[in-house]
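Data from entry_23.txt: compact mmCIF, C-alpha atoms
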```
# COMPACT_ATOMS: atom_id res chain seq x y z
CA MET A 596 -9.35 46.36 30.50
CA THR A 597 -13.10 46.30 31.28
CA ILE A 598 -14.91 43.09 32.15
CA SER A 599 -16.78 43.08 28.85
CA THR A 600 -13.52 43.46 26.95
CA ARG A 601 -12.03 40.56 28.89
CA VAL A 602 -15.05 38.42 28.14
CA ARG A 603 -14.81 39.20 24.44
CA ALA A 604 -11.09 38.38 24.44
CA PHE A 605 -11.77 35.09 26.20
CA ILE A 606 -14.47 34.17 23.69
CA VAL A 607 -12.18 34.95 20.76
CA LEU A 608 -9.38 32.87 22.30
CA ALA A 609 -11.71 29.96 23.06
CA PHE A 610 -13.14 30.04 19.54
CA ALA A 611 -9.65 30.03 18.01
CA LEU A 612 -8.71 27.04 20.18
CA VAL A 613 -11.84 25.15 19.11
CA VAL A 614 -11.04 25.81 15.43
CA ILE A 615 -7.48 24.59 15.86
CA LEU A 616 -8.55 21.42 17.71
CA ALA A 617 -11.26 20.74 15.13
CA ALA A 618 -8.74 21.05 12.32
CA VAL A 619 -6.32 18.70 14.07
CA GLY A 620 -9.11 16.24 14.80
CA ALA A 621 -10.33 16.32 11.22
CA THR A 622 -6.84 15.63 9.89
CA THR A 623 -6.41 12.73 12.32
CA ALA A 624 -9.79 11.26 11.40
CA LEU A 625 -9.30 11.58 7.68
CA ALA A 626 -5.73 10.32 7.65
CA SER A 627 -5.96 7.20 9.78
CA HIS A 628 -5.33 4.17 7.61
CA SER A 629 -1.77 3.24 8.41
CA TRP A 630 -1.11 -0.49 8.24
CA ASN A 631 0.05 -1.05 11.83
CA GLY A 632 2.88 1.46 11.39
CA TYR A 633 4.86 -0.69 8.95
CA HIS A 634 7.05 1.49 6.74
CA TRP A 635 10.26 1.64 4.76
CA ALA A 636 13.23 2.93 6.73
CA ARG A 637 15.04 5.88 5.16
CA THR A 638 17.31 8.69 6.26
CA SER A 639 15.77 11.54 4.26
CA ASN A 640 12.55 12.67 2.57
CA PRO A 641 11.35 12.48 -0.11
CA PHE A 642 12.56 9.00 -1.05
CA THR A 643 12.00 6.90 -4.16
CA LEU A 644 10.82 3.29 -4.08
CA LYS A 645 11.57 1.10 -7.10
CA LEU A 646 8.73 -0.92 -8.66
CA GLY A 647 10.16 -3.84 -10.61
CA ASP A 648 8.25 -4.42 -13.87
CA ASN A 649 7.67 -8.16 -14.15
CA VAL A 650 4.24 -7.81 -15.78
CA SER A 651 3.15 -8.70 -19.28
CA SER A 652 2.70 -6.08 -22.00
CA ALA A 653 -1.03 -6.09 -21.20
CA TRP A 654 -0.18 -4.59 -17.78
CA ASP A 655 2.71 -2.24 -18.62
CA ALA A 656 0.54 0.83 -19.15
CA THR A 657 -1.46 0.09 -15.97
CA LEU A 658 1.71 -0.15 -13.90
CA ALA A 659 3.06 3.09 -15.37
CA THR A 660 -0.23 4.90 -14.66
CA ALA A 661 -0.43 3.58 -11.08
CA SER A 662 3.14 4.68 -10.40
CA SER A 663 2.43 8.13 -11.84
CA ASN A 664 -0.75 8.47 -9.77
CA TRP A 665 1.09 7.61 -6.56
CA ASN A 666 3.65 10.30 -7.39
CA ALA A 667 0.96 12.99 -7.55
CA PRO A 668 0.26 15.71 -6.64
CA SER A 669 3.84 17.04 -6.55
CA ALA A 670 7.28 16.55 -5.09
CA THR A 671 6.57 19.19 -2.47
CA SER A 672 3.45 17.56 -1.05
CA THR A 673 4.32 13.90 -0.70
CA VAL A 674 7.24 12.11 0.92
CA LEU A 675 7.22 8.93 -1.15
CA HIS A 676 7.82 8.60 -4.89
CA THR A 677 7.96 5.56 -7.13
CA THR A 678 9.83 4.72 -10.27
CA VAL A 679 9.27 1.74 -12.58
CA VAL A 680 12.44 -0.23 -13.27
CA ALA A 681 13.27 -3.48 -15.02
CA GLY A 682 11.94 -6.47 -13.13
CA ALA A 683 14.30 -8.84 -11.37
CA SER A 684 12.02 -11.83 -10.99
CA LYS A 685 9.86 -12.47 -14.04
CA ARG A 686 9.79 -16.24 -13.59
CA ASN A 687 8.42 -16.66 -10.07
CA CYS A 688 8.12 -13.15 -8.56
CA GLN A 689 10.57 -13.79 -5.75
CA PRO A 690 11.07 -10.56 -3.79
CA THR A 691 14.13 -8.35 -4.02
CA LYS A 692 15.49 -6.59 -0.96
CA GLY A 693 14.88 -2.86 -0.90
CA ARG A 694 12.18 -2.67 -3.58
CA VAL A 695 8.79 -3.99 -4.76
CA GLU A 696 8.49 -6.56 -7.52
CA VAL A 697 5.22 -6.24 -9.50
CA CYS A 698 4.18 -9.40 -11.37
CA SER A 699 1.37 -10.75 -13.52
CA LYS A 700 0.81 -14.41 -14.33
CA THR A 701 -1.94 -17.01 -14.79
CA TYR A 702 -1.71 -18.22 -11.20
CA GLY A 703 -4.76 -20.46 -11.62
CA LYS A 704 -8.31 -20.62 -10.25
CA ASN A 705 -7.18 -20.25 -6.67
CA GLY A 706 -9.75 -17.61 -5.72
CA TRP A 707 -7.53 -14.56 -5.49
CA LEU A 708 -7.48 -11.64 -7.90
CA GLY A 709 -4.49 -9.75 -6.53
CA LEU A 710 -1.91 -9.95 -3.73
CA ALA A 711 0.25 -7.46 -1.89
CA GLN A 712 3.04 -8.91 0.24
CA ILE A 713 5.55 -7.26 2.54
CA TRP A 714 8.39 -8.84 4.50
CA VAL A 715 8.93 -6.97 7.75
CA TYR A 716 11.90 -6.87 10.11
CA SER A 717 11.38 -7.13 13.87
CA ASP A 718 11.59 -3.33 14.17
CA GLY A 719 8.59 -2.84 11.86
CA HIS A 720 10.60 -1.72 8.84
CA ILE A 721 9.65 -3.15 5.47
CA ALA A 722 12.49 -5.11 3.86
CA GLN A 723 10.89 -5.91 0.50
CA GLY A 724 7.53 -6.18 -1.20
CA ALA A 725 5.67 -7.93 -4.01
CA VAL A 726 2.48 -7.27 -5.97
CA LYS A 727 0.85 -10.07 -7.96
CA LEU A 728 -2.03 -9.89 -10.44
CA ASN A 729 -3.79 -13.13 -11.36
CA ASP A 730 -4.39 -13.20 -15.12
CA THR A 731 -6.50 -16.32 -14.75
CA TYR A 732 -9.28 -13.91 -13.74
CA PHE A 733 -8.12 -10.72 -15.43
CA ASN A 734 -8.20 -12.50 -18.79
CA THR A 735 -11.97 -13.02 -18.38
CA SER A 736 -14.56 -10.51 -19.56
CA LYS A 737 -15.67 -9.90 -15.97
CA TYR A 738 -12.35 -8.39 -14.87
CA ASN A 739 -10.60 -7.46 -18.08
CA ASN A 740 -11.36 -3.76 -18.11
CA PRO A 741 -8.90 -0.91 -17.54
CA ASN A 742 -10.70 0.52 -14.50
CA GLU A 743 -10.73 -2.69 -12.46
CA LYS A 744 -7.13 -3.45 -13.42
CA LEU A 745 -6.02 0.01 -12.34
CA HIS A 746 -8.01 -0.16 -9.09
CA VAL A 747 -6.40 -3.45 -8.06
CA MET A 748 -2.91 -2.48 -9.23
CA CYS A 749 -3.07 0.86 -7.40
CA GLN A 750 -4.38 -0.70 -4.19
CA GLU A 751 -1.83 -3.52 -4.02
CA ILE A 752 1.02 -1.07 -4.59
CA GLY A 753 -0.40 1.17 -1.86
CA HIS A 754 -0.32 -1.70 0.62
CA THR A 755 3.41 -2.13 0.03
CA PHE A 756 3.92 1.47 1.26
CA GLY A 757 2.29 0.65 4.61
CA LEU A 758 -1.25 1.80 3.80
CA ASP A 759 -4.39 0.00 4.90
CA HIS A 760 -7.89 0.51 3.45
CA GLN A 761 -9.85 3.71 3.93
CA SER A 762 -13.19 1.92 3.70
CA THR A 763 -14.39 -1.70 3.61
CA ASP A 764 -18.13 -1.31 2.95
CA GLY A 765 -17.93 -1.40 -0.84
CA SER A 766 -18.79 2.24 -1.39
CA SER A 767 -16.48 4.52 -3.34
CA LEU A 768 -14.46 7.17 -1.52
CA ASP A 769 -12.79 7.80 -4.86
CA THR A 770 -9.57 6.19 -3.71
CA CYS A 771 -8.06 2.91 -4.82
CA MET A 772 -7.67 2.13 -1.10
CA ASP A 773 -11.40 1.45 -0.73
CA TYR A 774 -13.42 -1.70 -1.55
CA PHE A 775 -15.27 -0.34 -4.56
CA SER A 776 -15.25 -2.82 -7.44
CA ASN A 777 -15.09 -1.62 -11.05
CA ILE A 778 -16.87 -4.61 -12.55
CA GLY A 779 -20.40 -5.33 -13.75
CA ALA A 780 -22.48 -2.16 -13.72
CA ASN A 781 -19.42 -0.25 -12.51
CA ALA A 782 -17.09 -1.47 -15.25
CA GLY A 783 -17.20 1.88 -17.02
CA SER A 784 -16.58 3.89 -13.87
CA ALA A 785 -13.16 5.41 -13.23
CA SER A 786 -14.00 5.95 -9.55
CA SER A 787 -11.52 4.57 -7.01
CA THR A 788 -8.78 4.00 -9.56
CA LYS A 789 -6.17 6.30 -8.00
CA PRO A 790 -5.17 7.67 -4.57
CA ASN A 791 -6.97 10.62 -3.04
CA GLN A 792 -5.62 13.38 -0.79
CA HIS A 793 -6.25 11.37 2.37
CA ASP A 794 -3.84 8.70 1.12
CA PHE A 795 -1.13 11.33 0.67
CA ASP A 796 -1.95 12.79 4.08
CA GLU A 797 -1.53 9.37 5.65
CA LEU A 798 1.78 8.79 3.89
CA ALA A 799 2.98 12.13 5.24
CA LEU A 800 2.13 10.93 8.77
CA ILE A 801 3.67 7.49 8.33
CA TYR A 802 6.91 8.93 6.97
CA ALA A 803 7.09 12.08 9.09
CA HIS A 804 10.02 10.78 11.14
CA LEU A 805 13.41 9.78 9.74
CA ASP A 806 15.40 6.63 10.52
CA GLY A 807 19.07 6.07 11.22
CA THR A 808 19.39 3.63 8.33
CA THR A 809 17.50 2.67 5.18
CA THR A 810 15.76 -0.43 3.88
CA VAL A 811 15.21 1.16 0.47
CA ALA A 812 17.56 -0.02 -2.30
CA PRO A 813 20.49 0.42 -2.38
CA PHE A 814 20.38 -1.21 1.03
CA THR A 815 22.75 -0.39 3.91
CA ASN A 816 23.29 -3.63 5.80
CA THR A 817 23.16 -2.99 9.56
CA GLY A 818 22.14 -4.74 12.73
CA GLY A 819 23.49 -8.14 11.75
CA ARG A 820 21.04 -8.63 8.91
CA GLY A 821 22.29 -11.03 6.28
CA LYS A 822 22.89 -10.35 2.62
CA SER A 823 19.77 -12.27 1.62
CA ALA A 824 16.44 -10.54 1.94
CA VAL A 825 14.30 -11.56 4.88
CA GLY A 826 12.28 -14.71 4.15
CA VAL A 827 13.84 -15.39 0.75
CA GLY A 828 14.69 -19.03 0.15
CA GLN A 829 12.07 -20.33 2.56
CA ASP A 830 9.50 -20.77 -0.19
CA THR A 831 9.53 -20.85 -3.95
CA ASN A 832 5.74 -20.65 -4.22
CA ILE A 833 4.73 -17.74 -1.99
CA ASP A 834 1.64 -17.11 -4.12
CA ASP A 835 0.27 -20.36 -2.64
CA GLN A 836 -2.16 -19.83 0.24
CA ARG A 837 -0.39 -22.50 2.29
CA ALA A 838 2.68 -20.25 2.47
CA TRP A 839 0.84 -17.20 3.84
CA GLY A 840 0.50 -18.35 7.45
CA LYS A 841 -2.65 -17.68 9.45
CA GLU A 842 -5.56 -15.51 8.40
CA VAL A 843 -5.71 -12.68 10.94
CA ARG A 844 -8.42 -10.54 9.33
CA LYS A 845 -11.27 -10.85 6.86
CA ASP A 846 -13.81 -8.23 5.94
CA ALA A 847 -17.52 -8.89 6.41
CA ARG A 848 -18.09 -8.99 2.66
CA GLY A 849 -15.45 -11.67 2.16
CA ARG A 850 -13.56 -9.67 -0.46
CA GLU A 851 -10.29 -8.98 1.41
CA SER A 852 -8.16 -11.01 3.80
CA LEU A 853 -4.91 -10.42 5.64
CA TYR A 854 -2.51 -13.27 6.41
CA GLU A 855 0.48 -13.28 8.74
CA ARG A 856 3.38 -15.70 8.74
CA ASP A 857 6.07 -15.80 11.43
CA LEU A 858 9.50 -16.17 9.80
CA GLY A 859 11.42 -16.30 13.08
CA ASN A 860 13.58 -13.71 14.84
CA GLY A 861 10.63 -11.35 14.95
CA GLU A 862 10.46 -11.16 11.15
CA LYS A 863 7.12 -11.64 9.42
CA LEU A 864 5.49 -11.99 6.03
CA PHE A 865 2.15 -10.22 5.56
CA THR A 866 -0.13 -10.97 2.62
CA PHE A 867 -3.09 -8.79 1.66
CA VAL A 868 -5.48 -10.76 -0.56
CA THR A 869 -8.13 -9.39 -2.89
CA TRP A 870 -10.49 -12.25 -3.65
CA ALA A 871 -12.30 -12.65 -6.93
CA LYS A 872 -16.06 -12.45 -6.68
```
Before we go any further, please render this structure as structure tokens.
Amino acid sequence: MTISTRVRAFIVLAFALVVILAAVGATTALASHSWNGYHWARTSNPFTLKLGDNVSSAWDATLATASSNWNAPSATSTVLHTTVVAGASKRNCQPTKGRVEVCSKTYGKNGWLGLAQIWVYSDGHIAQGAVKLNDTYFNTSKYNNPNEKLHVMCQEIGHTFGLDHQSTDGSSLDTCMDYFSNIGANAGSASSTKPNQHDFDELALIYAHLDGTTTVAPFTNTGGRGKSAVGVGQDTNIDDQRAWGKEVRKDARGRESLYERDLGNGEKLFTFVTWAK
């Protein structure tokens, strides 16, 4: 092999390596909004997470659409699927082990528009989740439009999977996991009302590994965990800010907060709050 041929071969090899590293780096940068690694334990992929329908008829179609959007694009390209089932907690939205209860109610003028809550075991596995939509605000003309309702519903459900936000500056990345608000001048915009490909990429990363047990209903009880779901029975009013623990994060615009409550034995309750403007 001549020197010039060797040089050309080296350049080709180096260029190929740069392309590969760039592709890996791009994927890492674009898919980087895991919520501290919290995830549902499961022994195989794909798995199906139940969304309990505890919402009013005014929200049924929104819940069905959000569930369908999170199931896109296809069974071969995402690890997590959802299915809407009958709710188990219409009265007070108490959580149910192994699934997510989705609820709507006139919770009052307490400042919050929507909540996403997860109860986490000491090993970082999600035990149960809840999504709550405050009709005190959604019944007003400011928030009562299908785009804002779908944005908030989609985002709160996404948090219960273990997803954080993609962006917090208020601009639209055309994902429900950003801070865009579909009210006022944006009320007619369908931007940011469903997940985008980066959300599915992140879910693929979060759920790439398998676990030796499952926290997805039906639940296999292991490790000395009791029959009751983690944290259940400690509060009957977990939509009350006093039950959320300490505020550990708040965005600069004051629209989102994250609360953490220590439940003992390494178990925690996390509450993502979307504040009304």
With the cut-off set at 12 Å and counting all atoms listed in the file, tabulate each residue of stretch 739-813 of chain A with an atom at most that distance from an atom of stretch 657-681 of chain A, showing the nearest atom pair and its distance in Å to one decimal, ordered by chain and increasing number, as JSON lines.
```
{"residue": "A:Asn740", "atom": "CA", "partner": "A:Thr657", "partner_atom": "CA", "distance": 10.8}
{"residue": "A:Pro741", "atom": "CA", "partner": "A:Thr657", "partner_atom": "CA", "distance": 7.7}
{"residue": "A:Asn742", "atom": "CA", "partner": "A:Thr657", "partner_atom": "CA", "distance": 9.4}
{"residue": "A:Glu743", "atom": "CA", "partner": "A:Thr657", "partner_atom": "CA", "distance": 10.3}
{"residue": "A:Lys744", "atom": "CA", "partner": "A:Thr657", "partner_atom": "CA", "distance": 7.2}
{"residue": "A:Leu745", "atom": "CA", "partner": "A:Thr657", "partner_atom": "CA", "distance": 5.8}
{"residue": "A:His746", "atom": "CA", "partner": "A:Ala661", "partner_atom": "CA", "distance": 8.7}
{"residue": "A:Val747", "atom": "CA", "partner": "A:Ala661", "partner_atom": "CA", "distance": 9.7}
{"residue": "A:Met748", "atom": "CA", "partner": "A:Ala661", "partner_atom": "CA", "distance": 6.8}
{"residue": "A:Cys749", "atom": "CA", "partner": "A:Ala661", "partner_atom": "CA", "distance": 5.3}
{"residue": "A:Gln750", "atom": "CA", "partner": "A:Ala661", "partner_atom": "CA", "distance": 9.0}
{"residue": "A:Glu751", "atom": "CA", "partner": "A:Ala661", "partner_atom": "CA", "distance": 10.1}
{"residue": "A:Ile752", "atom": "CA", "partner": "A:Ala661", "partner_atom": "CA", "distance": 8.1}
{"residue": "A:Gly753", "atom": "CA", "partner": "A:Trp665", "partner_atom": "CA", "distance": 8.1}
{"residue": "A:His754", "atom": "CA", "partner": "A:Trp665", "partner_atom": "CA", "distance": 11.8}
{"residue": "A:Thr755", "atom": "CA", "partner": "A:Thr677", "partner_atom": "CA", "distance": 11.5}
{"residue": "A:Phe756", "atom": "CA", "partner": "A:Leu675", "partner_atom": "CA", "distance": 8.5}
{"residue": "A:Gly757", "atom": "CA", "partner": "A:Leu675", "partner_atom": "CA", "distance": 11.2}
{"residue": "A:Thr770", "atom": "CA", "partner": "A:Asn664", "partner_atom": "CA", "distance": 10.9}
{"residue": "A:Cys771", "atom": "CA", "partner": "A:Ala661", "partner_atom": "CA", "distance": 9.9}
{"residue": "A:Met772", "atom": "CA", "partner": "A:Trp665", "partner_atom": "CA", "distance": 11.7}
{"residue": "A:Ser787", "atom": "CA", "partner": "A:Asn664", "partner_atom": "CA", "distance": 11.8}
{"residue": "A:Thr788", "atom": "CA", "partner": "A:Ala661", "partner_atom": "CA", "distance": 8.5}
{"residue": "A:Lys789", "atom": "CA", "partner": "A:Asn664", "partner_atom": "CA", "distance": 6.1}
{"residue": "A:Pro790", "atom": "CA", "partner": "A:Trp665", "partner_atom": "CA", "distance": 6.6}
{"residue": "A:Asn791", "atom": "CA", "partner": "A:Trp665", "partner_atom": "CA", "distance": 9.3}
{"residue": "A:Gln792", "atom": "CA", "partner": "A:Pro668", "partner_atom": "CA", "distance": 8.6}
{"residue": "A:His793", "atom": "CA", "partner": "A:Thr673", "partner_atom": "CA", "distance": 11.3}
{"residue": "A:Asp794", "atom": "CA", "partner": "A:Trp665", "partner_atom": "CA", "distance": 9.2}
{"residue": "A:Phe795", "atom": "CA", "partner": "A:Thr673", "partner_atom": "CA", "distance": 6.2}
{"residue": "A:Asp796", "atom": "CA", "partner": "A:Thr673", "partner_atom": "CA", "distance": 8.0}
{"residue": "A:Glu797", "atom": "CA", "partner": "A:Thr673", "partner_atom": "CA", "distance": 9.8}
{"residue": "A:Leu798", "atom": "CA", "partner": "A:Val674", "partner_atom": "CA", "distance": 7.0}
{"residue": "A:Ala799", "atom": "CA", "partner": "A:Val674", "partner_atom": "CA", "distance": 6.1}
{"residue": "A:Leu800", "atom": "CA", "partner": "A:Val674", "partner_atom": "CA", "distance": 9.4}
{"residue": "A:Ile801", "atom": "CA", "partner": "A:Val674", "partner_atom": "CA", "distance": 9.4}
{"residue": "A:Tyr802", "atom": "CA", "partner": "A:Val674", "partner_atom": "CA", "distance": 6.8}
{"residue": "A:Ala803", "atom": "CA", "partner": "A:Val674", "partner_atom": "CA", "distance": 8.2}
{"residue": "A:His804", "atom": "CA", "partner": "A:Val674", "partner_atom": "CA", "distance": 10.7}
{"residue": "A:Leu805", "atom": "CA", "partner": "A:Val674", "partner_atom": "CA", "distance": 11.0}
{"residue": "A:Val811", "atom": "CA", "partner": "A:Leu675", "partner_atom": "CA", "distance": 11.3}
```
Just how far from atom CA of A:Tyr738 is atom CA of A:Glu855, in Å to one decimal?
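So the two atoms, atom CA of A:Glu855 and atom CA of A:Tyr738, lie 27.3 Å apart.
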Would you mind listing what lies within 7 Å of A:Val695 as an mmCIF file with C-alpha atoms, keeping the file's coordinate frame, with only C-alpha atoms counted and same-chain residues fewer than 4 positions away left out?
```cif
data_model
loop_
_atom_site.group_PDB
_atom_site.id
_atom_site.type_symbol
_atom_site.label_atom_id
_atom_site.label_comp_id
_atom_site.auth_asym_id
_atom_site.auth_seq_id
_atom_site.Cartn_x
_atom_site.Cartn_y
_atom_site.Cartn_z
ATOM 1 C CA LYS A 645 11.570 1.100 -7.100
ATOM 2 C CA LEU A 646 8.730 -0.920 -8.660
ATOM 3 C CA GLY A 647 10.160 -3.840 -10.610
ATOM 4 C CA THR A 691 14.130 -8.350 -4.020
ATOM 5 C CA GLN A 723 10.890 -5.910 0.500
ATOM 6 C CA GLY A 724 7.530 -6.180 -1.200
ATOM 7 C CA ALA A 725 5.670 -7.930 -4.010
#
```
Pick out the closest residue to A:Leu768 from this set: A:Ala785, A:Ala653, A:Ala683, A:Ala780. Count only C-alpha atoms.
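Using only C-alpha atoms, A:Leu768 sits closest to A:Ala785.
You will find atom CA of A:Gly693 at 5.8 Å from atom CA of A:Ala722.
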So the first atom is atom CA of A:Gln689 and the second is atom CA of A:Leu864; what is the distance between them in Å, to one decimal place?
13.0 Å
Leaving out A:Leu708 and any residue of its chain fewer than 3 positions from it, which residues lie within 9 Å of it when counting all atoms listed in the file, given as a PDB file with C-alpha atoms, keeping the file's coordinate frame?
```
ATOM      1  CA  ASN A 705      -7.180 -20.250  -6.670  1.00  0.00           C
ATOM      2  CA  LYS A 727       0.850 -10.070  -7.960  1.00  0.00           C
ATOM      3  CA  LEU A 728      -2.030  -9.890 -10.440  1.00  0.00           C
ATOM      4  CA  ASN A 729      -3.790 -13.130 -11.360  1.00  0.00           C
ATOM      5  CA  ASP A 730      -4.390 -13.200 -15.120  1.00  0.00           C
ATOM      6  CA  THR A 731      -6.500 -16.320 -14.750  1.00  0.00           C
ATOM      7  CA  TYR A 732      -9.280 -13.910 -13.740  1.00  0.00           C
ATOM      8  CA  PHE A 733      -8.120 -10.720 -15.430  1.00  0.00           C
ATOM      9  CA  VAL A 747      -6.400  -3.450  -8.060  1.00  0.00           C
ATOM     10  CA  VAL A 868      -5.480 -10.760  -0.560  1.00  0.00           C
ATOM     11  CA  THR A 869      -8.130  -9.390  -2.890  1.00  0.00           C
ATOM     12  CA  TRP A 870     -10.490 -12.250  -3.650  1.00  0.00           C
ATOM     13  CA  ALA A 871     -12.300 -12.650  -6.930  1.00  0.00           C
ATOM     14  CA  LYS A 872     -16.060 -12.450  -6.680  1.00  0.00           C
TER      15      LYS A 872
END
```
Near A:Gly779, within 9 Å and counting all atoms listed in the file, which residues show up once chain neighbours fewer than 3 positions away are dropped, as an NGL selection string?
:A and (737-738 or 776 or 782-783)
Can I get a file of stretch 666-702 of chain A from the given structure, C-alpha atoms kept, as a PDB file, in the first residue's frame?
```
ATOM      1  CA  ASN A 666     -49.044   4.907  21.814  1.00  0.00           C
ATOM      2  CA  ALA A 667     -47.799   6.329  18.502  1.00  0.00           C
ATOM      3  CA  PRO A 668     -45.973   5.843  16.243  1.00  0.00           C
ATOM      4  CA  SER A 669     -46.204   2.027  16.349  1.00  0.00           C
ATOM      5  CA  ALA A 670     -45.707  -1.039  18.490  1.00  0.00           C
ATOM      6  CA  THR A 671     -42.305  -1.613  16.919  1.00  0.00           C
ATOM      7  CA  SER A 672     -40.861   1.790  17.775  1.00  0.00           C
ATOM      8  CA  THR A 673     -41.850   2.408  21.378  1.00  0.00           C
ATOM      9  CA  VAL A 674     -41.501   0.326  24.518  1.00  0.00           C
ATOM     10  CA  LEU A 675     -44.402   1.734  26.509  1.00  0.00           C
ATOM     11  CA  HIS A 676     -48.098   1.580  25.632  1.00  0.00           C
ATOM     12  CA  THR A 677     -51.158   2.804  27.487  1.00  0.00           C
ATOM     13  CA  THR A 678     -54.715   1.635  27.707  1.00  0.00           C
ATOM     14  CA  VAL A 679     -57.669   3.484  29.248  1.00  0.00           C
ATOM     15  CA  VAL A 680     -59.569   1.396  31.788  1.00  0.00           C
ATOM     16  CA  ALA A 681     -62.369   2.041  34.245  1.00  0.00           C
ATOM     17  CA  GLY A 682     -61.277   4.301  37.070  1.00  0.00           C
ATOM     18  CA  ALA A 683     -60.863   2.945  40.571  1.00  0.00           C
ATOM     19  CA  SER A 684     -60.973   6.184  42.521  1.00  0.00           C
ATOM     20  CA  LYS A 685     -63.568   8.627  41.213  1.00  0.00           C
ATOM     21  CA  ARG A 686     -64.306  10.150  44.621  1.00  0.00           C
ATOM     22  CA  ASN A 687     -60.887  11.316  45.795  1.00  0.00           C
ATOM     23  CA  CYS A 688     -58.336  10.105  43.214  1.00  0.00           C
ATOM     24  CA  GLN A 689     -56.424   7.914  45.634  1.00  0.00           C
ATOM     25  CA  PRO A 690     -53.705   6.048  43.725  1.00  0.00           C
ATOM     26  CA  THR A 691     -53.859   2.393  42.779  1.00  0.00           C
ATOM     27  CA  LYS A 692     -50.747   0.243  42.842  1.00  0.00           C
ATOM     28  CA  GLY A 693     -49.409  -0.670  39.424  1.00  0.00           C
ATOM     29  CA  ARG A 694     -51.283   1.919  37.356  1.00  0.00           C
ATOM     30  CA  VAL A 695     -52.095   5.623  36.900  1.00  0.00           C
ATOM     31  CA  GLU A 696     -55.397   7.106  38.016  1.00  0.00           C
ATOM     32  CA  VAL A 697     -56.463  10.118  35.899  1.00  0.00           C
ATOM     33  CA  CYS A 698     -58.967  12.443  37.588  1.00  0.00           C
ATOM     34  CA  SER A 699     -60.815  15.703  37.009  1.00  0.00           C
ATOM     35  CA  LYS A 700     -62.589  17.715  39.686  1.00  0.00           C
ATOM     36  CA  THR A 701     -63.266  21.281  40.822  1.00  0.00           C
ATOM     37  CA  TYR A 702     -60.354  21.299  43.260  1.00  0.00           C
TER      38      TYR A 702
END
```
